[in-house]
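Pasted below: upload-v5.txt, compact mmCIF, C-alpha atoms.
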# COMPACT_ATOMS: atom_id res chain seq x y z
CA MET S 1 49.91 5.92 -13.42
CA ALA S 2 51.21 9.36 -12.48
CA LYS S 3 49.59 12.38 -14.07
CA GLY S 4 51.81 14.42 -16.39
CA LYS S 5 53.21 17.74 -15.24
CA CYS S 6 54.62 20.84 -16.97
CA LEU S 7 56.74 23.42 -15.12
CA LEU S 8 58.40 26.73 -16.00
CA PHE S 9 61.69 27.52 -14.24
CA LEU S 10 62.97 31.04 -14.90
CA GLY S 11 65.67 33.37 -13.62
CA PRO S 12 69.46 33.65 -13.31
CA GLU S 13 70.03 31.74 -10.03
CA ILE S 14 71.30 28.45 -11.45
CA GLY S 15 72.18 26.72 -8.18
CA GLU S 16 68.77 27.01 -6.51
CA LYS S 17 67.12 26.07 -9.80
CA GLN S 18 69.23 22.91 -9.94
CA ASP S 19 68.30 22.12 -6.32
CA ALA S 20 64.61 22.28 -7.32
CA VAL S 21 65.27 19.94 -10.27
CA ASN S 22 67.10 17.52 -7.97
CA GLU S 23 64.11 17.45 -5.62
CA ILE S 24 61.75 16.68 -8.51
CA ARG S 25 64.09 13.92 -9.65
CA ARG S 26 64.14 12.48 -6.11
CA GLN S 27 60.35 12.54 -5.84
CA MET S 28 59.92 10.86 -9.23
CA THR S 29 62.43 8.16 -8.30
CA ALA S 30 60.63 7.49 -5.01
CA ALA S 31 57.21 7.33 -6.67
CA ALA S 32 58.24 5.04 -9.56
CA GLY S 33 60.79 2.93 -7.67
CA SER S 34 63.47 3.75 -10.25
CA PRO S 35 65.11 6.92 -11.68
CA PRO S 36 63.25 8.67 -14.49
CA GLU S 37 64.54 8.62 -18.05
CA GLU S 38 66.01 12.09 -18.71
CA ILE S 39 66.15 13.95 -22.03
CA SER S 40 67.25 17.55 -22.69
CA PHE S 41 66.48 19.74 -25.68
CA TYR S 42 67.66 23.26 -26.51
CA ALA S 43 65.10 25.55 -28.11
CA GLY S 44 66.00 26.25 -31.74
CA GLU S 45 68.24 23.20 -32.13
CA THR S 46 65.79 20.29 -32.38
CA PRO S 47 62.70 20.66 -34.65
CA LEU S 48 59.59 21.15 -32.51
CA PRO S 49 57.58 18.34 -34.21
CA GLU S 50 60.33 15.93 -33.16
CA ILE S 51 60.13 17.13 -29.53
CA LEU S 52 56.34 16.90 -29.47
CA SER S 53 56.39 13.42 -31.00
CA LEU S 54 58.72 12.22 -28.25
CA LEU S 55 56.60 13.90 -25.57
CA ARG S 56 53.38 12.26 -26.73
CA ASN S 57 54.85 8.77 -26.83
CA GLY S 58 55.63 6.83 -23.68
CA SER S 59 59.07 5.58 -22.72
CA LEU S 60 60.17 2.05 -23.59
CA PHE S 61 62.95 2.09 -20.98
CA SER S 62 61.58 3.65 -17.81
CA ASP S 63 58.38 4.06 -15.82
CA SER S 64 58.72 7.86 -15.82
CA ARG S 65 60.38 10.61 -17.84
CA LEU S 66 61.95 13.95 -16.91
CA ILE S 67 62.33 16.13 -20.01
CA PHE S 68 63.87 19.61 -20.28
CA ILE S 69 63.47 22.31 -22.92
CA LYS S 70 66.27 24.78 -22.20
CA ASN S 71 66.75 28.35 -23.50
CA ALA S 72 62.96 28.59 -23.65
CA GLU S 73 63.19 32.33 -24.34
CA PHE S 74 63.91 31.44 -27.99
CA LEU S 75 60.44 29.89 -28.42
CA LYS S 76 58.66 32.79 -30.14
CA LYS S 77 56.93 31.61 -33.31
CA LYS S 78 53.14 31.57 -33.14
CA GLU S 79 52.82 27.97 -34.34
CA GLU S 80 55.44 26.82 -31.79
CA ILE S 81 53.65 28.55 -28.93
CA GLU S 82 50.26 27.14 -29.92
CA SER S 83 51.56 23.56 -30.24
CA LEU S 84 53.44 23.69 -26.94
CA ALA S 85 50.52 25.37 -25.13
CA ALA S 86 48.24 22.53 -26.28
CA TYR S 87 50.67 19.97 -24.85
CA ILE S 88 51.12 21.91 -21.57
CA ARG S 89 47.35 21.83 -21.00
CA ALA S 90 47.22 18.04 -21.54
CA PRO S 91 50.64 16.51 -20.79
CA GLN S 92 51.53 12.85 -21.24
CA ASN S 93 51.14 10.67 -18.16
CA ASN S 94 54.32 9.72 -16.27
CA THR S 95 56.13 12.66 -17.89
CA THR S 96 57.41 15.83 -16.23
CA LEU S 97 58.39 18.55 -18.72
CA ILE S 98 60.41 21.51 -17.44
CA PHE S 99 60.92 24.62 -19.56
CA MET S 100 64.04 26.50 -18.43
CA SER S 101 65.37 30.00 -19.11
CA GLU S 102 67.81 32.42 -17.53
CA ASN S 103 65.33 35.21 -18.32
CA SER S 104 62.51 36.28 -16.02
CA GLY S 105 59.87 35.55 -18.66
CA VAL S 106 59.13 33.77 -21.96
CA ALA S 107 56.62 34.39 -24.75
CA LYS S 108 53.30 35.51 -23.28
CA GLY S 109 51.21 32.79 -24.93
CA LEU S 110 53.55 30.10 -23.63
CA GLU S 111 53.68 31.49 -20.11
CA GLN S 112 49.90 31.75 -19.87
CA ALA S 113 49.49 28.05 -20.68
CA PHE S 114 50.98 26.92 -17.36
CA ALA S 115 48.79 26.05 -14.41
CA ALA S 116 48.85 28.20 -11.29
CA GLY S 117 51.94 27.41 -9.23
CA ALA S 118 53.81 25.81 -12.15
CA LYS S 119 55.97 28.88 -12.73
CA ARG S 120 58.94 29.70 -10.50
CA ILE S 121 61.46 32.53 -10.86
CA PHE S 122 64.86 31.93 -9.26
CA TRP S 123 66.30 35.39 -8.62
CA GLU S 124 69.98 36.05 -8.04
CA LEU S 125 70.90 36.15 -4.36
CA PHE S 126 71.30 39.48 -2.59
CA GLU S 127 74.88 40.33 -1.62
CA ASN S 128 74.40 39.52 2.07
CA ARG S 129 72.90 36.12 1.22
CA LYS S 130 75.85 35.32 -1.07
CA THR S 131 78.26 36.06 1.78
CA GLU S 132 76.30 33.82 4.15
CA TRP S 133 76.03 31.09 1.51
CA VAL S 134 79.80 30.89 0.89
CA ALA S 135 80.72 31.06 4.58
CA SER S 136 78.18 28.33 5.47
CA PHE S 137 79.35 26.13 2.57
CA PHE S 138 82.86 25.92 4.04
CA ARG S 139 81.94 25.87 7.71
CA ARG S 140 79.53 22.94 7.23
CA ALA S 141 82.46 21.01 5.75
CA GLY S 142 84.71 21.88 8.69
CA TYR S 143 86.84 24.63 7.09
CA ASN S 144 87.79 27.86 8.83
CA ILE S 145 87.17 30.62 6.30
CA GLY S 146 88.01 34.27 6.92
CA GLU S 147 85.95 37.27 5.83
CA ASP S 148 88.56 38.32 3.26
CA ALA S 149 88.49 34.82 1.75
CA VAL S 150 84.71 35.04 1.29
CA GLU S 151 85.09 38.45 -0.37
CA THR S 152 87.76 37.15 -2.74
CA ILE S 153 85.61 34.18 -3.79
CA LEU S 154 82.69 36.49 -4.56
CA GLU S 155 85.00 38.75 -6.58
CA MET S 156 86.49 35.93 -8.66
CA VAL S 157 83.54 33.57 -9.20
CA GLU S 158 80.32 34.08 -11.13
CA ASN S 159 77.74 35.01 -8.51
CA ASN S 160 75.20 32.22 -8.70
CA THR S 161 75.17 29.29 -6.30
CA GLY S 162 75.81 26.78 -9.08
CA ALA S 163 79.13 28.37 -10.04
CA LEU S 164 79.98 29.14 -6.41
CA GLY S 165 79.32 25.53 -5.40
CA ARG S 166 81.59 24.17 -8.16
CA GLU S 167 84.47 26.50 -7.36
CA CYS S 168 84.16 26.14 -3.58
CA SER S 169 84.17 22.33 -3.93
CA ARG S 170 87.28 22.55 -6.11
CA LEU S 171 88.97 24.83 -3.57
CA MET S 172 88.45 22.23 -0.84
CA LEU S 173 90.82 19.90 -2.68
CA PHE S 174 93.70 22.28 -1.95
CA LEU S 175 92.86 23.87 1.40
CA ASP S 176 93.86 22.63 4.86
CA LYS S 177 91.10 22.11 7.42
CA GLU S 178 93.61 22.51 10.23
CA LYS S 179 94.17 26.23 9.70
CA PRO S 180 92.19 29.30 8.57
CA PHE S 181 92.59 30.28 4.94
CA THR S 182 92.76 33.80 3.57
CA GLY S 183 91.93 35.78 0.47
CA GLU S 184 95.49 35.23 -0.76
CA ASP S 185 95.04 31.45 -0.51
CA VAL S 186 91.79 31.66 -2.47
CA GLU S 187 93.31 33.90 -5.13
CA ARG S 188 96.29 31.60 -5.60
CA TRP S 189 94.24 28.41 -6.02
CA LEU S 190 91.34 29.85 -8.01
CA SER S 191 93.72 31.41 -10.52
CA HIS S 192 95.14 27.95 -11.22
CA THR S 193 92.00 25.83 -11.10
CA ARG S 194 88.93 27.76 -12.21
CA GLU S 195 87.21 27.05 -15.51
CA GLU S 196 86.51 29.71 -18.11
CA SER S 197 83.64 32.03 -17.20
CA ALA S 198 82.19 35.39 -18.11
CA PHE S 199 84.65 36.87 -15.62
CA SER S 200 87.68 35.39 -17.36
CA LEU S 201 86.14 36.75 -20.59
CA PHE S 202 86.02 40.22 -19.03
CA SER S 203 89.66 39.84 -17.98
CA ARG S 204 90.69 39.19 -21.61
CA ILE S 205 88.52 42.06 -22.86
CA ALA S 206 90.24 44.32 -20.31
CA GLN S 207 93.63 43.23 -21.71
CA GLY S 208 92.51 43.87 -25.30
CA ASP S 209 93.16 40.24 -26.24
CA LEU S 210 90.65 39.65 -29.05
CA PRO S 211 91.72 36.09 -30.08
CA LYS S 212 91.59 34.81 -26.49
CA SER S 213 88.31 36.63 -25.83
CA ILE S 214 86.71 34.94 -28.83
CA GLU S 215 88.15 31.58 -27.76
CA ILE S 216 86.68 31.90 -24.25
CA LEU S 217 83.33 33.08 -25.60
CA HIS S 218 83.07 30.13 -27.98
CA THR S 219 84.00 27.78 -25.12
CA LEU S 220 81.18 29.19 -22.98
CA LEU S 221 78.61 28.99 -25.76
CA ALA S 222 79.70 25.46 -26.72
CA ALA S 223 79.15 24.48 -23.06
CA LYS S 224 75.57 25.80 -23.40
CA GLN S 225 76.21 28.84 -21.23
CA PRO S 226 73.21 31.08 -22.05
CA SER S 227 74.07 34.38 -23.71
CA VAL S 228 71.82 36.21 -21.27
CA SER S 229 73.88 35.05 -18.27
CA ILE S 230 77.16 36.00 -20.01
CA LEU S 231 75.74 39.44 -20.77
CA ALA S 232 74.51 39.84 -17.19
CA ALA S 233 78.00 39.06 -15.85
CA LEU S 234 79.70 41.44 -18.32
CA THR S 235 77.21 44.17 -17.39
CA TRP S 236 78.02 43.59 -13.71
CA CYS S 237 81.76 43.86 -14.46
CA PHE S 238 81.41 47.12 -16.39
CA ARG S 239 79.25 48.62 -13.65
CA LYS S 240 81.99 47.64 -11.22
CA LEU S 241 84.48 49.29 -13.60
CA ARG S 242 82.45 52.50 -13.38
CA ASP S 243 82.75 52.36 -9.58
CA TYR S 244 86.49 51.70 -9.92
CA ARG S 245 87.03 54.71 -12.22
CA GLN S 246 85.08 56.97 -9.88
CA LEU S 247 87.21 55.81 -6.96
CA ILE S 248 90.47 56.39 -8.87
CA ASN S 249 89.31 59.85 -9.96
CA SER S 250 88.44 60.75 -6.37
CA GLY S 251 91.94 59.88 -5.17
CA TRP S 252 90.59 57.62 -2.37
CA THR S 253 92.48 54.47 -3.33
CA SER S 254 93.15 52.78 0.00
CA GLU S 255 92.67 49.04 0.52
CA VAL S 256 89.54 49.78 2.56
CA GLU S 257 87.97 51.82 -0.23
CA PHE S 258 88.69 49.11 -2.79
CA LYS S 259 87.03 46.52 -0.54
CA LYS S 260 83.96 48.73 -0.22
CA ILE S 261 83.31 48.36 -3.96
CA GLY S 262 84.10 44.65 -3.93
CA LEU S 263 87.65 44.81 -5.30
CA GLY S 264 89.77 43.53 -2.43
CA SER S 265 91.71 41.03 -4.57
CA SER S 266 94.93 42.36 -6.15
CA LYS S 267 94.43 40.10 -9.20
CA VAL S 268 90.91 41.45 -9.78
CA ARG S 269 92.11 45.04 -9.30
CA GLN S 270 94.75 44.45 -11.95
CA ASP S 271 92.01 43.52 -14.43
CA TYR S 272 90.05 46.65 -13.58
CA ALA S 273 93.14 48.85 -13.87
CA GLU S 274 93.69 47.46 -17.40
CA ALA S 275 90.01 47.99 -18.24
CA ALA S 276 90.06 51.57 -16.90
CA ARG S 277 92.93 52.42 -19.25
CA ARG S 278 91.08 50.90 -22.19
CA PHE S 279 87.50 52.06 -21.55
CA SER S 280 87.00 55.75 -20.84
CA GLN S 281 83.24 55.79 -21.60
CA VAL S 282 81.82 53.06 -19.40
CA ASP S 283 78.20 54.25 -19.60
CA ALA S 284 78.43 54.12 -23.39
CA VAL S 285 79.77 50.56 -23.18
CA LEU S 286 76.85 49.57 -20.94
CA SER S 287 74.43 51.08 -23.45
CA LEU S 288 76.15 49.16 -26.24
CA ILE S 289 75.77 45.87 -24.35
CA ALA S 290 72.09 46.63 -23.69
CA GLU S 291 71.51 47.34 -27.38
CA PHE S 292 73.30 44.12 -28.27
CA GLU S 293 71.06 42.13 -25.93
CA VAL S 294 67.94 43.54 -27.62
CA LEU S 295 69.36 42.69 -31.04
CA LEU S 296 70.36 39.19 -29.95
CA ARG S 297 66.89 38.45 -28.56
CA SER S 298 65.15 39.67 -31.71
CA ALA S 299 67.50 37.79 -34.05
CA GLY S 300 67.01 34.33 -32.49
CA SER S 301 69.70 31.70 -31.98
CA ALA S 302 70.99 31.27 -35.55
CA PRO S 303 73.36 34.32 -35.79
CA GLU S 304 74.40 34.21 -32.13
CA LEU S 305 78.11 33.52 -32.70
CA ILE S 306 78.41 36.11 -35.46
CA LEU S 307 76.78 38.82 -33.37
CA TRP S 308 78.94 37.99 -30.35
CA ASP S 309 82.12 38.12 -32.43
CA LEU S 310 81.08 41.51 -33.79
CA LEU S 311 80.46 42.82 -30.29
CA LEU S 312 83.89 41.67 -29.08
CA CYS S 313 85.55 43.24 -32.11
CA ARG S 314 83.69 46.47 -31.45
CA LEU S 315 84.66 46.54 -27.78
CA ILE S 316 88.30 45.54 -28.11
CA ARG S 317 89.42 47.14 -31.38
CA ASN S 318 87.69 50.48 -30.98
CA PRO S 319 86.74 51.03 -27.34
CA GLY S 320 86.99 54.81 -27.53
CA SER S 321 83.72 55.37 -29.38
CA PRO S 322 81.32 52.56 -28.46
CA ARG S 323 78.23 54.58 -29.40
CA GLU S 324 78.92 54.23 -33.13
CA LYS S 325 76.77 51.72 -35.04
CA TRP S 326 78.83 48.71 -34.01
CA LEU S 327 76.99 46.37 -36.37
CA TYR S 328 78.64 48.10 -39.30
CA TYR S 329 82.12 47.89 -37.82
Write out the structure in this file as structure tokens.
Amino acid sequence: MAKGKCLLFLGPEIGEKQDAVNEIRRQMTAAAGSPPEEISFYAGETPLPEILSLLRNGSLFSDSRLIFIKNAEFLKKKEEIESLAAYIRAPQNNTTLIFMSENSGVAKGLEQAFAAGAKRIFWELFENRKTEWVASFFRRAGYNIGEDAVETILEMVENNTGALGRECSRLMLFLDKEKPFTGEDVERWLSHTREESAFSLFSRIAQGDLPKSIEILHTLLAAKQPSVSILAALTWCFRKLRDYRQLINSGWTSEVEFKKIGLGSSKVRQDYAEAARRFSQVDAVLSLIAEFEVLLRSAGSAPELILWDLLLCRLIRNPGSPREKWLYY
């Protein structure tokens, strides 16, 4: 009988986190001789007593269980923390429980309950590692990818290896192994095939399209995309917009200068040109997003959609004065 285990997986790098989960799944399958039964919960959606009851009872269908509690940053109530900490210190045999969050930490009492070595933080890749990752992904599969194609992928795809892996795999369906492919090839196919993401949300915000922005946001949240990762991507986009505005104001607008700030793709530059016309106070927008994140964390999961809709309304309908109390829009 295998001893129970509790793990804490934190951080924004989804792809490497999923690789670690896959390795745990492989090890459990090898040890038990059959795949584990898998169950996922989202903090705030299923009552905690129901989760604990399931955890403390063995499986009727499998020799082992792999259970996830996602969005663990929303576990904040004292009674929740105490109950979960008690389970973490004495987990059920044949059960591996993984708490997951895009944040770098969870409630202190919960985090302290984990044994040494049970906590891992999966940080976002540095820019040079992202470039190497994309190039290696294609070259291992026998594709000849140019430097401009790698840059375009990193401009148009959410920068974690999970999203990059999905989009690169989809690109392979359309690309020819017999010849090198360029940034233009990537831009053409990604524009037609990619799923909604925080970057397509930014594109609609840049265009001032409130209905489509809300539609994309609701699609992301319905697909269990964590708010923190959406906010991180939007923050990245607005910081890039600040770089874009500074470049335009300097008058140095050559192709080389655009590539230096990561805007080599004409489609992406079009989005930033629209955003530059709409948002004149980028630092104020960044402060607004930071304030929203604090409010969202303190409010819990219940009003998430309402708060997001208010933020989008505030950004799109009145972008000129983002420092006003947006909650009272």
Please, which residues in stretch 10-41 of chain S fall within 12 Å of stretch 46-51 of chain S when counting all atoms listed in the file, and what is the closest atom pair and distance in Å to one decimal for each, ordered by chain then residue number, as a tab-separated table?
residue	atom	partner	partner_atom	distance
S:Ile39	CA	S:Ile51	CA	10.1
S:Ser40	CA	S:Ile51	CA	9.9
S:Phe41	CA	S:Thr46	CA	6.8
Sort by chain and increasing residue number a table of all residues of stretch 121-164 of chain S within 10 Å of stretch 226-245 of chain S, each with its closest pair of atoms and their distance in Å to one decimal, counting only C-alpha atoms, and write it as CSV.
residue,atom,partner,partner_atom,distance
S:Glu155,CA,S:Cys237,CA,9.9
S:Glu158,CA,S:Ala233,CA,7.2
S:Asn159,CA,S:Ala233,CA,8.4
Produce a file of the selected residues containing C-alpha atoms, as a CSV table (one decimal), in the frame of the given file.
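Contents of result37.csv, freshly written:
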chain,number,residue,atom,x,y,z
S,155,GLU,CA,85.0,38.8,-6.6
S,158,GLU,CA,80.3,34.1,-11.1
S,159,ASN,CA,77.7,35.0,-8.5
Checklist entry - S:Ile205, S:Met100, S:Val134, S:Leu55: which is nearest S:Ala275, counting only C-alpha atoms? => result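 Looking at the shortest contact to S:Ala275, the residue is S:Ile205.
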Item to check | Atom-to-atom span, atom CA of S:Asp148 and atom CA of S:Val282, Å | outcome: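 A separation of 27.9 Å between them.
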Next on the checklist: Please report the interatomic distance between atom CA of S:Asn71 and atom CA of S:Ile214 in Å with one decimal.
Outcome noted: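 Atom CA of S:Ile214 lies at a distance of 21.7 Å from atom CA of S:Asn71.
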Item to check | Non-local contacts of S:Phe9 (9 Å; all atoms listed in the file; under 4 positions in same chain excluded) as a PyMOL selection string | outcome: chain S and resi 17+98-102+104+118-122
Next on the checklist: Need the shell around S:Gln207: protein/DNA/RNA residues with any atom at most 9 Å away, counting all atoms listed in the file. Skip same-chain ones fewer than 5 positions apart. Format as a VMD selection string?
Outcome noted: chain S and resid 202 271 274 to 275 278 316
